[in-house]
Amino acid sequence: MFESEKNFAATIVDNRYRVFNNVWNARSTTGPHRQKIFVKELNGKTTFGWVWKWWGGSGVATYPEVQFGNSPWVGEVAPDSGFPFRVGSKKVVVDFDVAMHASGSYNLAFEFWTVSSPPVSKNGIAHEVMIWLAENRLGPAGSLVTTAAIAGHQFHIYFANNHGDASGSSSNTWTIISLVADQPILHGPLDIGAIVAYLMQNRLLDPNVYVACLELGNEVASGSGKTEIRNYAVHVE
């Protein structure tokens, strides 16, 4: 149905989700690379994902992904998503089924950005929150602050202030929080709202900010892989 190796190529799925060939920090790699996003029919259902091969990287080079809501970096995906919203004011649950085969240095992670107030823009970013569902040879930013059981999963939680854009395309900084799952989480549902509530209760997340979007992708520093996403649905209420 759709495929593209073009840098920053994008397509909309189900009028709700943006599949995005995000090579945000490609200059960190010195070797050859290829990355493709795709959308196809599988057993009568729409399936999407990405394939990558990156060599010679010195850090995270890329984050092929699916976006929902209003990205501070590339704008709104589609109207009526329910984003942005004041943190803690809505429930967000994601149903998903992921098939992933990969090697090298990578993760599979949900991510959401918060902004200090609407309208959403990269200059207003306050937090970057990452939920690492799986990882291999790729360490999170910041320092380990605690380990907690949230939404039925065990996470190690890392925190850092004044985190910046490694690509150099933006000079602003923000707080980064990474929740790294003890065991791979390749199937939903996952209660993102429960994770937000935990971070607020433990004063890791500012209660006055607004959640702009929700994303799922692979951060890749080096290696190769393929991620195929089935039955993807973000529920906001």
# chains A, B, ... in the order shown; residues from 1 in each chain; ligands from 1
call {"tool": "residues_around", "arguments": {"residues": "Phe85 in chain A", "least_positions_apart": "4", "cutoff": "9 Å", "atoms": "only C-alpha atoms", "output": "list in words"}}
result
Ser89, Lys90, Pro118, Val209, Tyr210, Val211 and Ala212 of chain A
call {"tool": "closest_atom_pairs", "arguments": {"of": "range 181-210 of chain A", "to": "range 138-146 of chain A", "cutoff": "12 Å", "atoms": "only C-alpha atoms", "output": "JSON lines"}}
result
{"residue": "A:Ala181", "atom": "CA", "partner": "A:Pro140", "partner_atom": "CA", "distance": 11.6}
{"residue": "A:Tyr198", "atom": "CA", "partner": "A:Thr146", "partner_atom": "CA", "distance": 11.8}
{"residue": "A:Leu199", "atom": "CA", "partner": "A:Thr146", "partner_atom": "CA", "distance": 11.2}
{"residue": "A:Asn202", "atom": "CA", "partner": "A:Thr146", "partner_atom": "CA", "distance": 10.3}
{"residue": "A:Arg203", "atom": "CA", "partner": "A:Val145", "partner_atom": "CA", "distance": 11.8}
{"residue": "A:Leu204", "atom": "CA", "partner": "A:Val145", "partner_atom": "CA", "distance": 9.8}
call {"tool": "write_last_selection", "arguments": {"atoms": "C-alpha atoms", "output": "PDB file, in the first residue's frame"}}
result
ATOM      1  CA  ALA A 181      10.910  -2.249  31.424  1.00  0.00           C
ATOM      2  CA  TYR A 198       2.879   7.651  39.071  1.00  0.00           C
ATOM      3  CA  LEU A 199       5.283  10.282  37.751  1.00  0.00           C
ATOM      4  CA  ASN A 202       6.357  11.111  42.828  1.00  0.00           C
ATOM      5  CA  ARG A 203       7.025  14.689  41.700  1.00  0.00           C
ATOM      6  CA  LEU A 204       8.971  13.658  38.620  1.00  0.00           C
TER       7      LEU A 204
END
call {"tool": "closest_atom_pairs", "arguments": {"of": "range 159-228 of chain A", "to": "range 13-21 of chain A", "cutoff": "12 Å", "atoms": "only C-alpha atoms", "output": "tab-separated table"}}
result
residue	atom	partner	partner_atom	distance
A:Cys213	CA	A:Tyr17	CA	10.9
A:Leu214	CA	A:Tyr17	CA	10.0
A:Glu215	CA	A:Arg18	CA	9.3
A:Leu216	CA	A:Val19	CA	9.6
A:Gly217	CA	A:Phe20	CA	9.3
A:Asn218	CA	A:Asn21	CA	10.8
A:Glu219	CA	A:Asn21	CA	11.8
A:Glu228	CA	A:Val19	CA	11.6
call {"tool": "residues_around", "arguments": {"residues": "Leu133 in chain A", "least_positions_apart": "6", "cutoff": "12 Å", "atoms": "only C-alpha atoms", "output": "CSV table (one decimal) with N, CA and C atoms, in the first residue's frame"}}
result
chain,number,residue,atom,x,y,z
A,96,PHE,N,-1.8,-2.7,21.4
A,96,PHE,CA,-0.8,-2.8,20.3
A,96,PHE,C,-0.3,-4.3,20.3
A,97,ASP,N,0.2,-4.7,19.1
A,97,ASP,CA,0.8,-6.0,19.0
A,97,ASP,C,2.0,-5.8,18.1
A,98,VAL,N,3.2,-6.0,18.6
A,98,VAL,CA,4.4,-5.7,17.8
A,98,VAL,C,5.2,-7.0,17.6
A,100,MET,N,8.9,-7.8,16.3
A,100,MET,CA,10.2,-7.1,16.1
A,100,MET,C,11.4,-8.1,16.1
A,106,TYR,N,19.7,-0.7,20.1
A,106,TYR,CA,18.4,-0.1,19.8
A,106,TYR,C,17.5,-0.3,21.0
A,107,ASN,N,16.4,0.4,20.9
A,107,ASN,CA,15.3,0.1,21.9
A,107,ASN,C,14.0,0.1,21.1
A,108,LEU,N,12.9,-0.2,21.7
A,108,LEU,CA,11.5,0.0,21.3
A,108,LEU,C,10.9,0.8,22.4
A,109,ALA,N,10.3,2.0,22.1
A,109,ALA,CA,9.9,2.9,23.1
A,109,ALA,C,8.7,3.7,22.7
A,110,PHE,N,7.7,3.8,23.6
A,110,PHE,CA,6.7,4.9,23.6
A,110,PHE,C,7.4,6.2,24.0
A,111,GLU,N,6.9,7.3,23.5
A,111,GLU,CA,7.4,8.6,24.0
A,111,GLU,C,6.3,9.6,23.9
A,153,HIS,N,3.7,-3.8,35.2
A,153,HIS,CA,5.1,-4.0,34.7
A,153,HIS,C,6.1,-3.4,35.7
A,154,GLN,N,7.3,-4.0,35.7
A,154,GLN,CA,8.4,-3.4,36.5
A,154,GLN,C,9.3,-2.5,35.7
A,155,PHE,N,9.5,-1.3,36.2
A,155,PHE,CA,10.4,-0.4,35.4
A,155,PHE,C,11.5,0.2,36.3
A,156,HIS,N,12.7,0.4,35.7
A,156,HIS,CA,13.7,1.2,36.3
A,156,HIS,C,13.6,2.6,35.7
A,178,SER,N,13.0,8.4,31.6
A,178,SER,CA,13.0,7.1,30.9
A,178,SER,C,12.6,6.0,31.8
A,179,LEU,N,11.5,5.3,31.5
A,179,LEU,CA,11.1,4.1,32.2
A,179,LEU,C,11.5,2.9,31.4
A,180,VAL,N,12.4,2.1,31.9
A,180,VAL,CA,13.0,1.0,31.2
A,180,VAL,C,12.4,-0.3,31.8
A,181,ALA,N,11.6,-1.0,31.0
A,181,ALA,CA,10.9,-2.2,31.4
A,181,ALA,C,11.9,-3.4,31.7
A,182,ASP,N,11.7,-4.1,32.8
A,182,ASP,CA,12.5,-5.3,33.2
A,182,ASP,C,12.4,-6.4,32.1
A,183,GLN,N,11.2,-6.6,31.6
A,183,GLN,CA,11.0,-7.6,30.6
A,183,GLN,C,10.3,-7.0,29.4
A,184,PRO,N,10.6,-7.5,28.2
A,184,PRO,CA,10.0,-6.9,27.0
A,184,PRO,C,8.5,-6.8,27.0
A,185,ILE,N,7.9,-5.7,26.5
A,185,ILE,CA,6.5,-5.6,26.4
A,185,ILE,C,6.1,-5.4,25.0
A,186,LEU,N,5.7,-6.4,24.3
A,186,LEU,CA,5.4,-6.3,22.9
A,186,LEU,C,3.9,-6.4,22.5
A,187,HIS,N,3.1,-6.5,23.6
A,187,HIS,CA,1.7,-6.6,23.4
A,187,HIS,C,1.0,-5.7,24.5
A,188,GLY,N,-0.1,-5.0,24.0
A,188,GLY,CA,-0.9,-4.3,25.0
A,188,GLY,C,-2.0,-5.0,25.6
A,190,LEU,N,-1.5,-1.2,27.3
A,190,LEU,CA,-0.6,-0.5,28.3
A,190,LEU,C,-1.3,0.8,28.7
A,216,LEU,N,5.4,5.9,19.2
A,216,LEU,CA,6.0,4.6,19.4
A,216,LEU,C,7.0,4.4,18.3
A,217,GLY,N,8.2,4.0,18.6
A,217,GLY,CA,9.3,3.8,17.6
A,217,GLY,C,10.5,3.1,18.2
A,218,ASN,N,11.5,2.9,17.3
A,218,ASN,CA,12.7,2.3,17.7
A,218,ASN,C,13.8,3.4,17.6
A,219,GLU,N,14.4,3.7,18.8
A,219,GLU,CA,15.7,4.5,18.8
A,219,GLU,C,16.8,3.5,18.3
call {"tool": "atom_distance", "arguments": {"atom1": "CA of Thr30 in chain A", "atom2": "CA of Thr62 in chain A"}}
result
13.3 Å
call {"tool": "closest_residue", "arguments": {"among": "A:Thr47, A:Ala194, A:Ala151, A:Ile177", "to": "Trp132 in chain A", "atoms": "only C-alpha atoms"}}
result
A:Ile177
call {"tool": "residues_around", "arguments": {"residues": "Glu5 in chain A", "least_positions_apart": "3", "cutoff": "9 Å", "atoms": "only C-alpha atoms", "output": "list in words"}}
result
Phe8, Ala9, Asn21, Arg34, Gln35, Lys36 and Ile37 of chain A
call {"tool": "write_last_selection", "arguments": {"atoms": "N, CA and C atoms", "output": "PDB file, in the first residue's frame"}}
result
ATOM      1  N   PHE A   8      12.466  11.433   6.388  1.00  0.00           N
ATOM      2  CA  PHE A   8      11.312  12.168   6.907  1.00  0.00           C
ATOM      3  C   PHE A   8      10.042  11.956   6.071  1.00  0.00           C
ATOM      4  N   ALA A   9      10.007  10.883   5.295  1.00  0.00           N
ATOM      5  CA  ALA A   9       8.757  10.516   4.620  1.00  0.00           C
ATOM      6  C   ALA A   9       7.695  10.210   5.672  1.00  0.00           C
ATOM      7  N   ASN A  21       9.228   8.430   8.912  1.00  0.00           N
ATOM      8  CA  ASN A  21      10.605   7.943   8.730  1.00  0.00           C
ATOM      9  C   ASN A  21      11.583   8.951   9.337  1.00  0.00           C
ATOM     10  N   ARG A  34      20.291   2.519   5.710  1.00  0.00           N
ATOM     11  CA  ARG A  34      19.042   2.480   4.958  1.00  0.00           C
ATOM     12  C   ARG A  34      17.910   2.363   5.961  1.00  0.00           C
ATOM     13  N   GLN A  35      16.801   3.013   5.676  1.00  0.00           N
ATOM     14  CA  GLN A  35      15.645   2.931   6.561  1.00  0.00           C
ATOM     15  C   GLN A  35      14.385   3.142   5.739  1.00  0.00           C
ATOM     16  N   LYS A  36      13.404   2.295   5.952  1.00  0.00           N
ATOM     17  CA  LYS A  36      12.177   2.343   5.159  1.00  0.00           C
ATOM     18  C   LYS A  36      10.974   2.228   6.078  1.00  0.00           C
ATOM     19  N   ILE A  37       9.931   3.010   5.806  1.00  0.00           N
ATOM     20  CA  ILE A  37       8.641   2.820   6.462  1.00  0.00           C
ATOM     21  C   ILE A  37       7.697   2.152   5.467  1.00  0.00           C
TER      22      ILE A  37
END
call {"tool": "atom_distance", "arguments": {"atom1": "CA of Pro189 in chain A", "atom2": "CA of Ile229 in chain A"}}
result
13.5 Å
call {"tool": "select_by_dssp", "arguments": {"residues": "range 13-234 of chain A", "states": "alpha helix (DSSP H)", "output": "ChimeraX atom specification"}}
result
/A:192-201
call {"tool": "write_last_selection", "arguments": {"atoms": "N, CA and C atoms", "output": "mmCIF file, in the first residue's frame"}}
result
data_model
loop_
_atom_site.group_PDB
_atom_site.id
_atom_site.type_symbol
_atom_site.label_atom_id
_atom_site.label_comp_id
_atom_site.auth_asym_id
_atom_site.auth_seq_id
_atom_site.Cartn_x
_atom_site.Cartn_y
_atom_site.Cartn_z
ATOM 1 N N ILE A 192 -0.991 4.098 29.758
ATOM 2 C CA ILE A 192 -0.075 5.247 29.807
ATOM 3 C C ILE A 192 -0.494 6.198 30.924
ATOM 4 N N GLY A 193 -1.800 6.309 31.147
ATOM 5 C CA GLY A 193 -2.306 7.185 32.201
ATOM 6 C C GLY A 193 -1.806 6.801 33.580
ATOM 7 N N ALA A 194 -1.675 5.504 33.843
ATOM 8 C CA ALA A 194 -1.157 5.046 35.131
ATOM 9 C C ALA A 194 0.299 5.450 35.311
ATOM 10 N N ILE A 195 1.050 5.431 34.210
ATOM 11 C CA ILE A 195 2.451 5.853 34.261
ATOM 12 C C ILE A 195 2.537 7.347 34.536
ATOM 13 N N VAL A 196 1.689 8.131 33.875
ATOM 14 C CA VAL A 196 1.640 9.575 34.116
ATOM 15 C C VAL A 196 1.292 9.861 35.573
ATOM 16 N N ALA A 197 0.290 9.154 36.096
ATOM 17 C CA ALA A 197 -0.132 9.361 37.485
ATOM 18 C C ALA A 197 1.006 9.062 38.457
ATOM 19 N N TYR A 198 1.748 7.993 38.202
ATOM 20 C CA TYR A 198 2.879 7.651 39.071
ATOM 21 C C TYR A 198 3.940 8.759 39.050
ATOM 22 N N LEU A 199 4.253 9.247 37.867
ATOM 23 C CA LEU A 199 5.283 10.282 37.751
ATOM 24 C C LEU A 199 4.852 11.571 38.438
ATOM 25 N N MET A 200 3.559 11.901 38.356
ATOM 26 C CA MET A 200 3.059 13.091 39.040
ATOM 27 C C MET A 200 3.090 12.905 40.562
ATOM 28 N N GLN A 201 2.642 11.753 41.029
ATOM 29 C CA GLN A 201 2.597 11.494 42.466
ATOM 30 C C GLN A 201 3.987 11.527 43.094
#
call {"tool": "closest_residue", "arguments": {"among": "A:Thr175, A:Asn7, A:Thr227, A:Ser105", "to": "Gly49 in chain A", "atoms": "only C-alpha atoms"}}
result
A:Thr227
call {"tool": "atom_distance", "arguments": {"atom1": "CA of Asn123 in chain A", "atom2": "CA of Val220 in chain A"}}
result
25.1 Å
call {"tool": "residues_around", "arguments": {"residues": "Phe83 in chain A", "least_positions_apart": "5", "cutoff": "12 Å", "atoms": "only C-alpha atoms", "output": "MDAnalysis selection string"}}
result
chainID A and resid 16 67:72 75:78 89:92 112:115 118:120 210:214 234:237
call {"tool": "write_last_selection", "arguments": {"atoms": "C-alpha atoms", "output": "PDB file, in the first residue's frame"}}
result
ATOM      1  CA  ARG A  16      -5.414   8.991  12.954  1.00  0.00           C
ATOM      2  CA  GLN A  67       2.758   9.399  15.991  1.00  0.00           C
ATOM      3  CA  PHE A  68      -0.616  10.337  17.459  1.00  0.00           C
ATOM      4  CA  GLY A  69      -1.688  13.785  18.647  1.00  0.00           C
ATOM      5  CA  ASN A  70       0.282  16.975  18.108  1.00  0.00           C
ATOM      6  CA  SER A  71       4.058  16.617  17.780  1.00  0.00           C
ATOM      7  CA  PRO A  72       6.065  19.657  18.962  1.00  0.00           C
ATOM      8  CA  GLY A  75       2.864  19.314  13.997  1.00  0.00           C
ATOM      9  CA  GLU A  76      -0.586  17.837  14.399  1.00  0.00           C
ATOM     10  CA  VAL A  77      -1.238  14.408  12.911  1.00  0.00           C
ATOM     11  CA  ALA A  78      -5.037  14.683  12.583  1.00  0.00           C
ATOM     12  CA  SER A  89      -6.735  15.152  33.172  1.00  0.00           C
ATOM     13  CA  LYS A  90      -7.352  12.281  30.723  1.00  0.00           C
ATOM     14  CA  LYS A  91      -6.844   8.534  30.587  1.00  0.00           C
ATOM     15  CA  VAL A  92      -4.671   7.117  27.802  1.00  0.00           C
ATOM     16  CA  PHE A 112       5.361  11.569  24.850  1.00  0.00           C
ATOM     17  CA  TRP A 113       6.330  15.222  24.951  1.00  0.00           C
ATOM     18  CA  THR A 114       4.893  17.794  27.313  1.00  0.00           C
ATOM     19  CA  VAL A 115       4.737  21.540  26.718  1.00  0.00           C
ATOM     20  CA  PRO A 118      -0.697  25.358  24.362  1.00  0.00           C
ATOM     21  CA  PRO A 119      -0.239  25.920  21.496  1.00  0.00           C
ATOM     22  CA  VAL A 120       2.191  23.049  21.007  1.00  0.00           C
ATOM     23  CA  TYR A 210       0.247  19.611  28.840  1.00  0.00           C
ATOM     24  CA  VAL A 211       0.742  16.265  27.103  1.00  0.00           C
ATOM     25  CA  ALA A 212       1.140  16.974  23.392  1.00  0.00           C
ATOM     26  CA  CYS A 213       1.300  13.580  21.708  1.00  0.00           C
ATOM     27  CA  LEU A 214       2.098   9.888  21.963  1.00  0.00           C
ATOM     28  CA  VAL A 234      -4.675   4.809  21.167  1.00  0.00           C
ATOM     29  CA  HIS A 235      -7.682   5.413  23.438  1.00  0.00           C
ATOM     30  CA  VAL A 236      -8.044   8.861  25.043  1.00  0.00           C
ATOM     31  CA  GLU A 237     -10.891   9.682  27.411  1.00  0.00           C
TER      32      GLU A 237
END
call {"tool": "select_by_dssp", "arguments": {"residues": "range 115-176 of chain A", "states": "strand (DSSP E)", "output": "PyMOL selection string"}}
result
chain A and resi 115+125-136+143-150+153-164+173-176
call {"tool": "write_last_selection", "arguments": {"atoms": "N, CA and C atoms", "output": "short mmCIF file (atom, residue, chain, number, x, y, z; two decimals), in the first residue's frame"}}
result
data_model
loop_
_atom_site.label_atom_id
_atom_site.label_comp_id
_atom_site.auth_asym_id
_atom_site.auth_seq_id
_atom_site.Cartn_x
_atom_site.Cartn_y
_atom_site.Cartn_z
N VAL A 115 4.42 20.13 26.95
CA VAL A 115 4.74 21.54 26.72
C VAL A 115 4.20 22.34 27.90
N ILE A 125 8.66 22.94 24.89
CA ILE A 125 8.83 21.60 25.45
C ILE A 125 9.32 21.68 26.89
N ALA A 126 8.65 20.93 27.76
CA ALA A 126 9.04 20.85 29.17
C ALA A 126 9.62 19.49 29.54
N HIS A 127 9.02 18.41 29.01
CA HIS A 127 9.48 17.06 29.33
C HIS A 127 9.49 16.19 28.08
N GLU A 128 10.39 15.23 28.09
CA GLU A 128 10.38 14.10 27.17
C GLU A 128 10.29 12.85 28.04
N VAL A 129 9.22 12.10 27.91
CA VAL A 129 9.04 10.89 28.71
C VAL A 129 9.07 9.69 27.78
N MET A 130 9.99 8.77 28.05
CA MET A 130 10.14 7.57 27.22
C MET A 130 9.82 6.34 28.05
N ILE A 131 9.07 5.43 27.45
CA ILE A 131 8.73 4.15 28.08
C ILE A 131 9.36 3.06 27.23
N TRP A 132 10.51 2.56 27.69
CA TRP A 132 11.27 1.57 26.93
C TRP A 132 10.62 0.20 27.09
N LEU A 133 10.05 -0.30 26.01
CA LEU A 133 9.39 -1.61 26.03
C LEU A 133 10.38 -2.74 25.85
N ALA A 134 11.49 -2.46 25.17
CA ALA A 134 12.55 -3.44 24.95
C ALA A 134 13.81 -2.67 24.59
N GLU A 135 14.98 -3.30 24.84
CA GLU A 135 16.21 -2.61 24.48
C GLU A 135 17.36 -3.61 24.38
N ASN A 136 18.39 -3.22 23.65
CA ASN A 136 19.59 -4.02 23.51
C ASN A 136 20.79 -3.09 23.36
N SER A 143 20.16 9.58 35.39
CA SER A 143 20.55 8.71 36.51
C SER A 143 19.35 7.92 36.99
N LEU A 144 19.61 6.70 37.46
CA LEU A 144 18.56 5.85 38.01
C LEU A 144 18.06 6.46 39.31
N VAL A 145 16.74 6.70 39.39
CA VAL A 145 16.19 7.30 40.61
C VAL A 145 15.37 6.32 41.43
N THR A 146 14.75 5.33 40.77
CA THR A 146 13.96 4.36 41.52
C THR A 146 13.56 3.21 40.60
N THR A 147 13.05 2.16 41.21
CA THR A 147 12.44 1.04 40.49
C THR A 147 11.01 0.89 40.99
N ALA A 148 10.07 0.70 40.09
CA ALA A 148 8.66 0.68 40.51
C ALA A 148 7.85 -0.26 39.64
N ALA A 149 6.80 -0.83 40.24
CA ALA A 149 5.81 -1.61 39.50
C ALA A 149 4.65 -0.67 39.13
N ILE A 150 4.43 -0.50 37.82
CA ILE A 150 3.39 0.41 37.33
C ILE A 150 2.64 -0.29 36.20
N HIS A 153 3.72 -3.77 35.19
CA HIS A 153 5.08 -4.01 34.71
C HIS A 153 6.09 -3.38 35.67
N GLN A 154 7.30 -3.95 35.69
CA GLN A 154 8.38 -3.43 36.52
C GLN A 154 9.28 -2.53 35.67
N PHE A 155 9.55 -1.30 36.17
CA PHE A 155 10.37 -0.35 35.43
C PHE A 155 11.50 0.18 36.30
N HIS A 156 12.67 0.40 35.67
CA HIS A 156 13.74 1.21 36.25
C HIS A 156 13.56 2.61 35.68
N ILE A 157 13.54 3.62 36.55
CA ILE A 157 13.21 4.98 36.12
C ILE A 157 14.44 5.87 36.21
N TYR A 158 14.75 6.51 35.08
CA TYR A 158 15.92 7.39 34.97
C TYR A 158 15.44 8.82 34.75
N PHE A 159 16.24 9.77 35.24
CA PHE A 159 15.81 11.18 35.23
C PHE A 159 17.02 12.07 34.96
N ALA A 160 16.81 13.11 34.14
CA ALA A 160 17.86 14.10 33.92
C ALA A 160 17.23 15.44 33.55
N ASN A 161 17.76 16.52 34.13
CA ASN A 161 17.38 17.87 33.73
C ASN A 161 18.28 18.36 32.60
N ASN A 162 17.86 19.41 31.94
CA ASN A 162 18.68 20.11 30.93
C ASN A 162 19.16 19.17 29.83
N HIS A 163 18.26 18.31 29.39
CA HIS A 163 18.56 17.43 28.26
C HIS A 163 18.31 18.22 26.98
N GLY A 164 19.15 18.01 25.99
CA GLY A 164 19.03 18.80 24.76
C GLY A 164 18.93 17.95 23.52
N THR A 173 16.26 23.17 26.03
CA THR A 173 16.48 21.96 26.82
C THR A 173 15.22 21.62 27.61
N TRP A 174 15.17 20.38 28.10
CA TRP A 174 13.99 19.90 28.81
C TRP A 174 14.40 18.81 29.78
N THR A 175 13.44 18.36 30.58
CA THR A 175 13.64 17.23 31.49
C THR A 175 13.32 15.94 30.74
N ILE A 176 14.21 14.95 30.85
CA ILE A 176 13.95 13.65 30.23
C ILE A 176 13.77 12.60 31.31
#
